[in-house]
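Listing of input_5.tsv; format and content: TSV, C-alpha atoms.
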chain	number	residue	atom	x	y	z
A	96	ALA	CA	8.89	21.88	1.39
A	97	LEU	CA	12.51	20.78	1.71
A	98	GLU	CA	14.85	20.33	-1.24
A	99	CYS	CA	17.37	17.60	-0.46
A	100	HIS	CA	21.03	18.10	-1.32
A	101	ALA	CA	21.36	14.32	-1.69
A	102	PRO	CA	18.81	11.63	-2.57
A	103	ILE	CA	16.79	10.30	0.37
A	104	ASP	CA	15.07	6.92	0.29
A	105	TYR	CA	11.75	7.13	2.12
A	106	ARG	CA	8.18	5.84	2.10
A	107	ALA	CA	5.14	8.11	2.18
A	108	GLY	CA	3.96	8.31	5.81
A	109	GLN	CA	7.40	8.01	7.41
A	110	PHE	CA	8.93	10.84	9.43
A	111	ILE	CA	12.16	12.80	9.50
A	112	THR	CA	13.80	14.74	12.31
A	113	LEU	CA	14.37	18.41	11.53
A	114	PHE	CA	17.04	20.20	13.57
A	115	GLN	CA	16.93	23.82	14.64
A	116	ASP	CA	20.53	23.45	15.80
A	117	GLN	CA	22.86	20.58	16.67
A	118	SER	CA	21.06	19.78	19.93
A	119	VAL	CA	17.40	20.65	19.25
A	120	GLY	CA	15.29	18.74	16.74
A	121	ARG	CA	11.71	17.55	16.29
A	122	SER	CA	10.20	14.73	14.27
A	123	TYR	CA	7.69	15.57	11.54
A	124	SER	CA	5.82	13.17	9.27
A	125	LEU	CA	6.19	13.38	5.51
A	126	ALA	CA	3.16	14.24	3.41
A	127	SER	CA	5.09	13.84	0.15
A	128	VAL	CA	5.20	10.79	-2.09
A	129	PRO	CA	8.43	9.48	-3.64
A	130	HIS	CA	8.59	9.69	-7.45
A	131	GLU	CA	5.62	12.11	-7.43
A	132	ASP	CA	6.93	15.06	-5.41
A	133	ASP	CA	10.26	16.71	-6.09
A	134	HIS	CA	10.69	17.86	-2.49
A	135	LEU	CA	9.93	16.61	1.03
A	136	HIS	CA	6.64	18.07	2.23
A	137	LEU	CA	6.00	18.76	5.92
A	138	GLN	CA	2.82	20.07	7.55
A	139	VAL	CA	3.90	21.78	10.77
A	140	ARG	CA	1.34	23.14	13.20
A	141	ARG	CA	2.40	26.21	15.19
A	142	LEU	CA	2.29	25.18	18.85
A	143	PRO	CA	2.02	27.64	21.75
A	144	GLN	CA	5.54	27.99	23.18
A	145	GLY	CA	6.68	25.50	20.54
A	146	ARG	CA	10.41	26.07	20.20
A	147	VAL	CA	10.96	24.36	16.86
A	148	SER	CA	7.51	24.93	15.35
A	149	GLY	CA	7.81	28.60	16.28
A	150	TRP	CA	11.23	28.77	14.63
A	151	ILE	CA	9.85	27.14	11.47
A	152	HIS	CA	6.88	29.50	11.22
A	153	GLU	CA	8.59	32.73	12.31
A	154	GLU	CA	12.27	32.51	11.40
A	155	LEU	CA	12.95	29.86	8.77
A	156	ARG	CA	13.13	31.37	5.30
A	157	PRO	CA	13.35	29.99	1.74
A	158	GLY	CA	16.93	29.26	0.79
A	159	GLN	CA	18.16	28.46	4.28
A	160	THR	CA	19.93	25.14	4.83
A	161	VAL	CA	18.68	22.83	7.57
A	162	GLN	CA	19.86	19.48	8.88
A	163	ILE	CA	17.56	16.47	8.88
A	164	ARG	CA	17.85	12.86	10.00
A	165	GLY	CA	15.87	9.85	8.90
A	166	PRO	CA	13.58	8.64	7.60
A	167	GLY	CA	12.01	6.47	10.28
A	168	GLY	CA	8.71	4.88	11.16
A	169	ASP	CA	6.64	1.90	10.05
A	170	CYS	CA	3.42	3.74	9.18
A	171	PHE	CA	3.37	3.51	5.37
A	172	TYR	CA	1.58	1.75	2.52
A	173	THR	CA	2.92	-1.55	1.25
A	174	PRO	CA	1.58	-3.04	-2.00
A	175	GLY	CA	0.61	-6.66	-2.43
A	176	ASN	CA	-3.04	-6.76	-1.35
A	177	ALA	CA	-4.67	-4.23	-3.66
A	178	GLU	CA	-8.25	-5.25	-2.79
A	179	GLN	CA	-7.86	-4.83	0.98
A	180	GLY	CA	-9.86	-2.05	2.60
A	181	LEU	CA	-7.84	0.81	4.10
A	182	VAL	CA	-9.19	2.99	6.89
A	183	LEU	CA	-7.16	6.00	7.94
A	184	ILE	CA	-7.98	7.99	11.09
A	185	GLY	CA	-6.16	11.17	12.07
A	186	THR	CA	-6.37	14.31	14.15
A	187	GLY	CA	-4.74	17.67	13.48
A	188	SER	CA	-1.46	17.46	11.58
A	189	GLY	CA	-1.75	13.67	11.81
A	190	LEU	CA	-3.30	14.17	8.38
A	191	ALA	CA	0.19	14.72	6.92
A	192	PRO	CA	1.36	11.08	6.82
A	193	LEU	CA	-2.15	9.85	5.97
A	194	TYR	CA	-2.30	12.18	2.97
A	195	GLY	CA	0.98	10.74	1.72
A	196	ILE	CA	-0.15	7.16	2.33
A	197	ILE	CA	-3.41	7.72	0.45
A	198	ARG	CA	-1.71	9.29	-2.56
A	199	ASP	CA	0.89	6.52	-2.56
A	200	ALA	CA	-1.76	3.77	-2.43
A	201	LEU	CA	-3.80	5.36	-5.22
A	202	SER	CA	-0.74	5.89	-7.42
A	203	GLN	CA	0.18	2.22	-6.99
A	204	GLY	CA	-3.25	1.13	-8.19
A	205	HIS	CA	-4.93	0.16	-4.91
A	206	THR	CA	-8.45	-0.96	-5.84
A	207	GLY	CA	-9.99	-1.67	-2.42
A	208	PRO	CA	-11.99	0.93	-0.50
A	209	ILE	CA	-9.93	3.73	1.08
A	210	ARG	CA	-11.70	5.67	3.84
A	211	LEU	CA	-10.13	8.74	5.46
A	212	PHE	CA	-11.53	10.22	8.68
A	213	HIS	CA	-9.86	13.47	9.76
A	214	GLY	CA	-10.96	15.13	12.98
A	215	SER	CA	-10.71	18.49	14.73
A	216	ARG	CA	-12.65	20.46	17.30
A	217	ASP	CA	-13.63	23.08	14.72
A	218	GLN	CA	-13.24	23.81	11.03
A	219	ASN	CA	-10.04	25.79	11.59
A	220	GLY	CA	-8.25	22.52	12.36
A	221	LEU	CA	-9.23	20.92	9.06
A	222	TYR	CA	-7.10	21.49	6.00
A	223	LEU	CA	-6.43	20.04	2.53
A	224	THR	CA	-10.20	19.71	2.23
A	225	GLY	CA	-10.17	20.87	-1.40
A	226	GLU	CA	-7.38	18.51	-2.39
A	227	LEU	CA	-9.03	15.59	-0.65
A	228	ARG	CA	-12.41	16.26	-2.25
A	229	ASP	CA	-10.65	16.40	-5.62
A	230	LEU	CA	-9.32	12.89	-4.91
A	231	VAL	CA	-12.86	11.75	-4.04
A	232	ARG	CA	-14.05	12.95	-7.45
A	233	GLN	CA	-11.06	11.38	-9.20
A	234	TYR	CA	-11.05	7.97	-7.49
A	235	PRO	CA	-14.37	6.14	-6.90
A	236	ASN	CA	-12.80	3.88	-4.22
A	237	PHE	CA	-11.71	6.82	-2.04
A	238	ASP	CA	-13.92	8.62	0.47
A	239	TYR	CA	-13.11	11.49	2.85
A	240	ILE	CA	-15.09	12.20	6.02
A	241	PRO	CA	-14.10	15.37	7.93
A	242	CYS	CA	-15.23	15.24	11.58
A	243	LEU	CA	-15.90	18.01	14.10
A	244	SER	CA	-16.00	17.21	17.82
A	245	GLY	CA	-16.59	20.71	19.21
A	246	GLY	CA	-20.34	21.03	18.67
A	247	ASP	CA	-22.90	20.79	15.94
A	248	ALA	CA	-21.29	19.94	12.63
A	249	ALA	CA	-22.24	21.88	9.54
A	250	HIS	CA	-23.22	20.32	6.24
A	251	HIS	CA	-20.53	18.03	4.76
A	252	PHE	CA	-19.04	17.38	8.21
A	253	ALA	CA	-19.62	14.46	10.58
A	254	ALA	CA	-20.29	15.27	14.24
A	255	GLY	CA	-18.25	13.57	16.97
A	256	ARG	CA	-14.79	12.37	17.82
A	257	VAL	CA	-13.04	11.10	14.73
A	258	HIS	CA	-12.49	7.53	15.92
A	259	ASP	CA	-16.11	7.22	17.08
A	260	VAL	CA	-17.32	8.40	13.68
A	261	ALA	CA	-14.98	6.00	11.88
A	262	PHE	CA	-16.13	2.94	13.82
A	263	ARG	CA	-19.77	3.88	13.32
A	264	HIS	CA	-19.16	3.98	9.57
A	265	ILE	CA	-17.14	0.74	9.51
A	266	PRO	CA	-18.14	-1.39	12.53
A	267	ASN	CA	-16.49	-4.55	11.19
A	268	LEU	CA	-12.79	-4.16	10.41
A	269	LYS	CA	-11.97	-7.78	9.73
A	270	ASN	CA	-9.43	-7.92	6.87
A	271	TRP	CA	-9.07	-4.12	6.83
A	272	ARG	CA	-5.75	-2.30	7.16
A	273	VAL	CA	-5.83	0.53	9.71
A	274	PHE	CA	-3.64	3.64	9.91
A	275	LEU	CA	-3.86	5.88	13.00
A	276	CYS	CA	-2.01	9.20	13.31
A	277	GLY	CA	-2.37	12.10	15.72
A	278	HIS	CA	-3.14	12.70	19.37
A	279	PRO	CA	-1.77	9.89	21.60
A	280	GLU	CA	-5.06	9.33	23.43
A	281	MET	CA	-6.96	9.02	20.15
A	282	VAL	CA	-4.37	6.61	18.77
A	283	LYS	CA	-4.42	4.50	21.93
A	284	THR	CA	-8.22	4.28	22.01
A	285	ALA	CA	-8.53	3.67	18.28
A	286	LYS	CA	-5.93	0.88	18.33
A	287	ARG	CA	-7.91	-0.94	20.99
A	288	ASN	CA	-11.23	-0.35	19.24
A	289	ALA	CA	-9.85	-1.41	15.86
A	290	PHE	CA	-8.66	-4.70	17.32
A	291	MET	CA	-12.02	-5.22	19.04
A	292	ALA	CA	-13.73	-4.52	15.70
A	293	GLY	CA	-11.84	-7.41	14.07
A	294	ALA	CA	-8.67	-5.86	12.65
A	295	SER	CA	-5.56	-8.00	12.95
A	296	LYS	CA	-2.74	-6.54	15.07
A	297	LYS	CA	-0.39	-6.87	12.10
A	298	ASP	CA	-2.73	-4.67	10.06
A	299	ILE	CA	-2.83	-1.79	12.57
A	300	TYR	CA	-0.22	0.93	12.01
A	301	ALA	CA	0.02	3.83	14.42
A	302	ASP	CA	1.98	7.07	14.75
A	303	GLU	CA	1.42	9.09	17.92
A	304	PHE	CA	2.02	12.84	17.80
A	305	ASN	CA	3.32	13.75	21.25
A	306	VAL	CA	2.44	17.43	21.47
A	307	SER	CA	3.92	17.95	24.94
A	308	GLN	CA	7.30	16.73	23.75
A	309	SER	CA	7.17	18.80	20.59
A	310	SER	CA	6.45	22.02	22.49
A	311	THR	CA	9.51	21.93	24.75
Would you give me this structure, written as C-alpha coordinates?
Amino acid sequence: ALECHAPIDYRAGQFITLFQDQSVGRSYSLASVPHEDDHLHLQVRRLPQGRVSGWIHEELRPGQTVQIRGPGGDCFYTPGNAEQGLVLIGTGSGLAPLYGIIRDALSQGHTGPIRLFHGSRDQNGLYLTGELRDLVRQYPNFDYIPCLSGGDAAHHFAAGRVHDVAFRHIPNLKNWRVFLCGHPEMVKTAKRNAFMAGASKKDIYADEFNVSQSST
(Lines of atoms letter the chains of each structure in order from A and count residues from 1; the text may use other names and numbers.)
(Lines give C-alpha, C1' and ligand atoms only; values in the text may rest on other atoms or scores of the structure.)
Protein backbone atom coordinates (compact mmCIF):
# COMPACT_ATOMS: atom_id res chain seq x y z
CA ALA A 1 0.00 0.00 0.00
CA LEU A 2 1.17 3.51 -0.83
CA GLU A 3 0.30 6.58 1.24
CA CYS A 4 0.12 9.62 -1.01
CA HIS A 5 1.71 12.89 0.09
CA ALA A 6 -0.88 14.74 -2.01
CA PRO A 7 -4.40 13.78 -3.11
CA ILE A 8 -4.59 11.70 -6.29
CA ASP A 9 -7.72 11.52 -8.42
CA TYR A 10 -8.12 8.00 -9.81
CA ARG A 11 -10.69 5.38 -10.72
CA ALA A 12 -10.57 1.80 -9.45
CA GLY A 13 -8.94 -0.33 -12.16
CA GLN A 14 -6.59 2.37 -13.48
CA PHE A 15 -2.81 2.05 -13.21
CA ILE A 16 0.08 4.11 -11.92
CA THR A 17 3.76 4.01 -12.82
CA LEU A 18 6.05 3.32 -9.86
CA PHE A 19 9.68 4.40 -10.23
CA GLN A 20 12.67 2.61 -8.77
CA ASP A 21 14.79 5.59 -9.79
CA GLN A 22 14.47 8.50 -12.20
CA SER A 23 14.93 6.31 -15.29
CA VAL A 24 13.38 2.95 -14.33
CA GLY A 25 9.67 2.54 -13.67
CA ARG A 26 6.91 -0.02 -14.18
CA SER A 27 3.15 0.31 -14.45
CA TYR A 28 0.96 -1.45 -11.89
CA SER A 29 -2.82 -1.54 -11.71
CA LEU A 30 -4.64 -0.24 -8.66
CA ALA A 31 -6.70 -2.66 -6.58
CA SER A 32 -7.90 0.11 -4.25
CA VAL A 33 -11.17 2.01 -4.45
CA PRO A 34 -11.40 5.79 -3.97
CA HIS A 35 -13.35 6.92 -0.89
CA GLU A 36 -13.12 3.37 0.53
CA ASP A 37 -9.37 2.82 0.88
CA ASP A 38 -7.06 5.30 2.56
CA HIS A 39 -4.04 4.22 0.51
CA LEU A 40 -3.24 3.05 -3.02
CA HIS A 41 -3.15 -0.74 -3.13
CA LEU A 42 -0.88 -2.60 -5.57
CA GLN A 43 -0.60 -6.36 -6.10
CA VAL A 44 2.89 -6.97 -7.48
CA ARG A 45 3.97 -10.43 -8.58
CA ARG A 46 7.66 -11.24 -8.14
CA LEU A 47 9.01 -11.96 -11.63
CA PRO A 48 12.18 -13.96 -12.33
CA GLN A 49 14.89 -11.40 -13.10
CA GLY A 50 12.27 -8.70 -12.59
CA ARG A 51 14.23 -5.55 -11.86
CA VAL A 52 11.45 -3.47 -10.34
CA SER A 53 9.33 -6.29 -8.92
CA GLY A 54 12.47 -7.71 -7.30
CA TRP A 55 13.27 -4.31 -5.81
CA ILE A 56 9.72 -4.01 -4.45
CA HIS A 57 9.75 -7.46 -2.85
CA GLU A 58 13.35 -7.51 -1.59
CA GLU A 59 14.44 -3.94 -0.91
CA LEU A 60 11.49 -1.58 -0.54
CA ARG A 61 10.61 -1.03 3.12
CA PRO A 62 7.77 0.69 5.00
CA GLY A 63 8.44 4.39 5.39
CA GLN A 64 10.47 4.80 2.22
CA THR A 65 9.41 7.48 -0.25
CA VAL A 66 8.81 6.51 -3.87
CA GLN A 67 7.87 8.47 -6.97
CA ILE A 68 4.75 7.61 -8.94
CA ARG A 69 3.11 8.95 -12.09
CA GLY A 70 -0.48 8.68 -13.20
CA PRO A 71 -3.12 7.50 -13.03
CA GLY A 72 -3.80 6.21 -16.53
CA GLY A 73 -5.93 3.68 -18.32
CA ASP A 74 -9.55 3.32 -19.41
CA CYS A 75 -10.34 0.02 -17.68
CA PHE A 76 -12.68 1.13 -14.88
CA TYR A 77 -16.34 1.04 -13.85
CA THR A 78 -18.64 3.85 -14.91
CA PRO A 79 -22.13 4.15 -13.38
CA GLY A 80 -25.26 4.82 -15.37
CA ASN A 81 -26.45 1.35 -16.39
CA ALA A 82 -26.84 -0.41 -13.05
CA GLU A 83 -28.73 -3.41 -14.48
CA GLN A 84 -26.13 -4.29 -17.12
CA GLY A 85 -24.29 -7.57 -16.67
CA LEU A 86 -20.56 -7.32 -15.96
CA VAL A 87 -18.16 -10.14 -16.78
CA LEU A 88 -14.56 -9.81 -15.63
CA ILE A 89 -11.83 -12.18 -16.84
CA GLY A 90 -8.28 -12.08 -15.52
CA THR A 91 -5.09 -14.06 -15.15
CA GLY A 92 -2.44 -13.73 -12.45
CA SER A 93 -2.10 -10.24 -11.01
CA GLY A 94 -4.65 -9.10 -13.60
CA LEU A 95 -6.99 -9.69 -10.68
CA ALA A 96 -5.80 -6.42 -9.09
CA PRO A 97 -7.74 -3.97 -11.28
CA LEU A 98 -10.72 -6.34 -11.51
CA TYR A 99 -10.94 -6.53 -7.72
CA GLY A 100 -11.05 -2.74 -7.56
CA ILE A 101 -13.64 -2.52 -10.33
CA ILE A 102 -15.89 -5.08 -8.62
CA ARG A 103 -15.74 -3.35 -5.25
CA ASP A 104 -16.36 0.01 -6.92
CA ALA A 105 -19.39 -1.30 -8.84
CA LEU A 106 -20.88 -2.92 -5.75
CA SER A 107 -20.32 0.18 -3.61
CA GLN A 108 -22.10 2.28 -6.24
CA GLY A 109 -25.15 0.03 -6.11
CA HIS A 110 -24.73 -1.99 -9.31
CA THR A 111 -27.68 -4.39 -9.41
CA GLY A 112 -26.95 -6.43 -12.56
CA PRO A 113 -25.06 -9.73 -12.46
CA ILE A 114 -21.31 -9.45 -11.85
CA ARG A 115 -19.28 -12.52 -12.81
CA LEU A 116 -15.55 -12.78 -12.07
CA PHE A 117 -13.40 -15.48 -13.67
CA HIS A 118 -9.80 -15.57 -12.40
CA GLY A 119 -7.38 -18.08 -13.87
CA SER A 120 -4.01 -19.65 -13.09
CA ARG A 121 -2.15 -22.84 -13.89
CA ASP A 122 -2.33 -23.99 -10.27
CA GLN A 123 -3.76 -22.89 -6.94
CA ASN A 124 -0.58 -21.00 -6.02
CA GLY A 125 -1.49 -18.38 -8.63
CA LEU A 126 -4.91 -17.70 -7.12
CA TYR A 127 -5.25 -15.19 -4.32
CA LEU A 128 -7.87 -13.08 -2.53
CA THR A 129 -10.06 -16.17 -2.63
CA GLY A 130 -11.33 -15.58 0.91
CA GLU A 131 -12.15 -11.94 0.28
CA LEU A 132 -13.91 -12.75 -2.98
CA ARG A 133 -15.98 -15.53 -1.42
CA ASP A 134 -16.95 -13.10 1.33
CA LEU A 135 -18.28 -10.77 -1.39
CA VAL A 136 -20.23 -13.68 -2.90
CA ARG A 137 -21.93 -14.23 0.46
CA GLN A 138 -22.56 -10.51 0.91
CA TYR A 139 -23.87 -9.67 -2.57
CA PRO A 140 -26.34 -12.04 -4.29
CA ASN A 141 -25.59 -10.54 -7.75
CA PHE A 142 -21.86 -11.33 -7.54
CA ASP A 143 -20.27 -14.67 -8.41
CA TYR A 144 -16.61 -15.73 -8.41
CA ILE A 145 -15.28 -18.63 -10.47
CA PRO A 146 -11.59 -19.52 -9.91
CA CYS A 147 -10.14 -21.48 -12.85
CA LEU A 148 -7.17 -23.84 -13.07
CA SER A 149 -5.64 -24.67 -16.46
CA GLY A 150 -2.78 -26.93 -15.34
CA GLY A 151 -4.66 -30.19 -14.84
CA ASP A 152 -7.59 -31.60 -12.96
CA ALA A 153 -9.27 -28.93 -10.89
CA ALA A 154 -10.18 -29.65 -7.30
CA HIS A 155 -13.57 -28.98 -5.76
CA HIS A 156 -14.67 -25.31 -5.98
CA PHE A 157 -12.44 -24.72 -9.02
CA ALA A 158 -13.33 -24.76 -12.71
CA ALA A 159 -11.02 -26.69 -15.06
CA GLY A 160 -9.63 -25.01 -18.18
CA ARG A 161 -8.31 -21.73 -19.48
CA VAL A 162 -10.08 -18.84 -17.84
CA HIS A 163 -11.55 -17.31 -21.00
CA ASP A 164 -12.81 -20.70 -22.21
CA VAL A 165 -14.53 -21.27 -18.87
CA ALA A 166 -16.05 -17.78 -18.93
CA PHE A 167 -17.54 -18.15 -22.40
CA ARG A 168 -18.94 -21.58 -21.53
CA HIS A 169 -20.72 -20.03 -18.55
CA ILE A 170 -21.95 -16.98 -20.49
CA PRO A 171 -22.14 -17.88 -24.21
CA ASN A 172 -24.25 -14.84 -25.12
CA LEU A 173 -22.66 -11.52 -24.15
CA LYS A 174 -25.09 -9.21 -25.89
CA ASN A 175 -25.59 -6.13 -23.68
CA TRP A 176 -22.90 -7.27 -21.24
CA ARG A 177 -19.91 -5.14 -20.23
CA VAL A 178 -16.60 -7.02 -20.42
CA PHE A 179 -13.35 -6.35 -18.53
CA LEU A 180 -10.20 -8.28 -19.51
CA CYS A 181 -6.92 -8.02 -17.60
CA GLY A 182 -3.77 -10.13 -17.64
CA HIS A 183 -1.66 -12.06 -20.11
CA PRO A 184 -1.63 -10.39 -23.57
CA GLU A 185 -2.53 -13.59 -25.44
CA MET A 186 -5.50 -14.21 -23.15
CA VAL A 187 -6.67 -10.62 -23.53
CA LYS A 188 -6.31 -10.73 -27.32
CA THR A 189 -8.23 -14.01 -27.64
CA ALA A 190 -10.91 -13.00 -25.15
CA LYS A 191 -11.51 -9.65 -26.87
CA ARG A 192 -12.16 -11.44 -30.14
CA ASN A 193 -14.34 -14.09 -28.52
CA ALA A 194 -16.32 -11.52 -26.54
CA PHE A 195 -17.13 -9.62 -29.70
CA MET A 196 -18.10 -12.85 -31.47
CA ALA A 197 -20.35 -13.69 -28.50
CA GLY A 198 -22.31 -10.45 -29.00
CA ALA A 199 -20.56 -7.87 -26.83
CA SER A 200 -20.36 -4.39 -28.32
CA LYS A 201 -16.83 -3.07 -28.94
CA LYS A 202 -17.62 -0.05 -26.78
CA ASP A 203 -18.41 -2.39 -23.88
CA ILE A 204 -15.10 -4.29 -24.00
CA TYR A 205 -12.35 -2.88 -21.76
CA ALA A 206 -8.92 -4.47 -21.79
CA ASP A 207 -5.63 -4.09 -19.93
CA GLU A 208 -2.74 -6.25 -21.12
CA PHE A 209 0.00 -7.14 -18.64
CA ASN A 210 3.19 -7.31 -20.69
CA VAL A 211 5.36 -9.57 -18.55
CA SER A 212 8.39 -9.45 -20.86
CA GLN A 213 8.50 -5.67 -20.61
CA SER A 214 8.03 -5.70 -16.86
CA SER A 215 10.93 -8.10 -16.32
CA THR A 216 13.61 -6.02 -18.03
Using only C-alpha atoms for the distances, tell me which of A:Ile196, A:Ala107, A:Ala253, A:Cys99 is nearest to A:Val182.
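That would be A:Ile196, the residue with the smallest distance to A:Val182.
Here atom CA of A:Trp271 stands at a distance of 21.1 Å from atom CA of A:Leu227.
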Minimum-distance residue to A:Tyr239, chosen among A:Leu181, A:Val282, A:Arg272, A:Asp199 (using all atoms listed in the file)
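When distances to A:Tyr239 are compared using all atoms listed in the file, the smallest one comes from A:Leu181.
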Tell me which of A:Phe290, A:Tyr222, A:Tyr123, A:Phe171 sits closest to A:Gly187, counting all atoms listed in the file.
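Between A:Phe290, A:Tyr222, A:Tyr123, A:Phe171, the residue approaching A:Gly187 most closely is A:Tyr222.
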May I have the protein, DNA and RNA residues with any atom at most 8 Å from the point (1.6, 6.3, 18.0), counting only C-alpha atoms, written as number ranges by chain?
A: 275-277, 279, 282-283, 301-304
Out of A:Ala289, A:Thr173, A:Val161, A:Ser215, which residue has the shortest atom-to-atom distance to A:Ile197 when counting only C-alpha atoms?
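Smallest separation from A:Ile197 among the options: A:Thr173.
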If you count only C-alpha atoms, which residues fall within 12 Å of A:Ala254, apart from same-chain ones fewer than 4 positions away, as a PDB file with C-alpha atoms, in the coordinates of the input?
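In the end it all went to out-v8.pdb:
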ATOM      1  CA  PHE A 212     -11.530  10.220   8.680  1.00  0.00           C
ATOM      2  CA  HIS A 213      -9.860  13.470   9.760  1.00  0.00           C
ATOM      3  CA  GLY A 214     -10.960  15.130  12.980  1.00  0.00           C
ATOM      4  CA  SER A 215     -10.710  18.490  14.730  1.00  0.00           C
ATOM      5  CA  ARG A 216     -12.650  20.460  17.300  1.00  0.00           C
ATOM      6  CA  ASP A 217     -13.630  23.080  14.720  1.00  0.00           C
ATOM      7  CA  GLN A 218     -13.240  23.810  11.030  1.00  0.00           C
ATOM      8  CA  ILE A 240     -15.090  12.200   6.020  1.00  0.00           C
ATOM      9  CA  PRO A 241     -14.100  15.370   7.930  1.00  0.00           C
ATOM     10  CA  CYS A 242     -15.230  15.240  11.580  1.00  0.00           C
ATOM     11  CA  LEU A 243     -15.900  18.010  14.100  1.00  0.00           C
ATOM     12  CA  SER A 244     -16.000  17.210  17.820  1.00  0.00           C
ATOM     13  CA  GLY A 245     -16.590  20.710  19.210  1.00  0.00           C
ATOM     14  CA  GLY A 246     -20.340  21.030  18.670  1.00  0.00           C
ATOM     15  CA  ASP A 247     -22.900  20.790  15.940  1.00  0.00           C
ATOM     16  CA  ALA A 248     -21.290  19.940  12.630  1.00  0.00           C
ATOM     17  CA  ALA A 249     -22.240  21.880   9.540  1.00  0.00           C
ATOM     18  CA  HIS A 250     -23.220  20.320   6.240  1.00  0.00           C
ATOM     19  CA  HIS A 258     -12.490   7.530  15.920  1.00  0.00           C
ATOM     20  CA  ASP A 259     -16.110   7.220  17.080  1.00  0.00           C
ATOM     21  CA  VAL A 260     -17.320   8.400  13.680  1.00  0.00           C
ATOM     22  CA  ALA A 261     -14.980   6.000  11.880  1.00  0.00           C
ATOM     23  CA  ARG A 263     -19.770   3.880  13.320  1.00  0.00           C
TER      24      ARG A 263
END
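From atom CA of A:Leu97 back to atom CA of A:His136, the distance works out to 6.5 Å.
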Would you list the contacts of A:Lys286 as a JSON list (two decimals) with C-alpha atoms, in the frame of the given file, taking every protein, DNA or RNA residue within 10 Å and counting all atoms listed in the file, but skipping same-chain residues closer than 5 positions in sequence?
[["chain", "number", "residue", "atom", "x", "y", "z"],
["A", 258, "HIS", "CA", -12.49, 7.53, 15.92],
["A", 273, "VAL", "CA", -5.83, 0.53, 9.71],
["A", 274, "PHE", "CA", -3.64, 3.64, 9.91],
["A", 275, "LEU", "CA", -3.86, 5.88, 13.00],
["A", 280, "GLU", "CA", -5.06, 9.33, 23.43],
["A", 281, "MET", "CA", -6.96, 9.02, 20.15],
["A", 291, "MET", "CA", -12.02, -5.22, 19.04],
["A", 292, "ALA", "CA", -13.73, -4.52, 15.70],
["A", 294, "ALA", "CA", -8.67, -5.86, 12.65],
["A", 296, "LYS", "CA", -2.74, -6.54, 15.07],
["A", 299, "ILE", "CA", -2.83, -1.79, 12.57],
["A", 300, "TYR", "CA", -0.22, 0.93, 12.01],
["A", 301, "ALA", "CA", 0.02, 3.83, 14.42]]
Could you tell me how far atom CA of A:Asp298 lies from atom CA of A:Leu125, in Å and to one decimal?
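These two atoms are separated by 20.6 Å.
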Just the residues within 12 Å of A:Asp133, please, counting all atoms listed in the file, with nothing from its chain fewer than 6 positions along; format it as a list in words.
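Contacts, with the query itself left out: Ala96, Leu97, Glu98, Cys99, His100, Pro102, Ile103 and Ser127 of chain A.
Closest to A:Thr112 among A:Pro235, A:Gly165, A:Gly189, A:Gly255 is A:Gly165, based on only C-alpha atoms.
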Please identify all polymer residues within 10 Å of A:Val119, counting all atoms listed in the file, omitting same-chain residues fewer than 6 positions from it, and present them as a list of chain:residue names.
A:Thr112, A:Leu113, A:Arg146, A:Val147, A:Thr311
Give the answer as one residue: which of A:Gly175, A:Gly167, A:Gly145, A:Gly220 has the shortest atom-to-atom distance to A:Leu190, using all atoms listed in the file?
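Nearest to A:Leu190: A:Gly220.
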Near-A:Gly168 list (10 Å; only C-alpha atoms; drop same-chain fewer than 5 positions) as an MDAnalysis selection string:
chainID A and resid 105:106 108:111 124 300:302
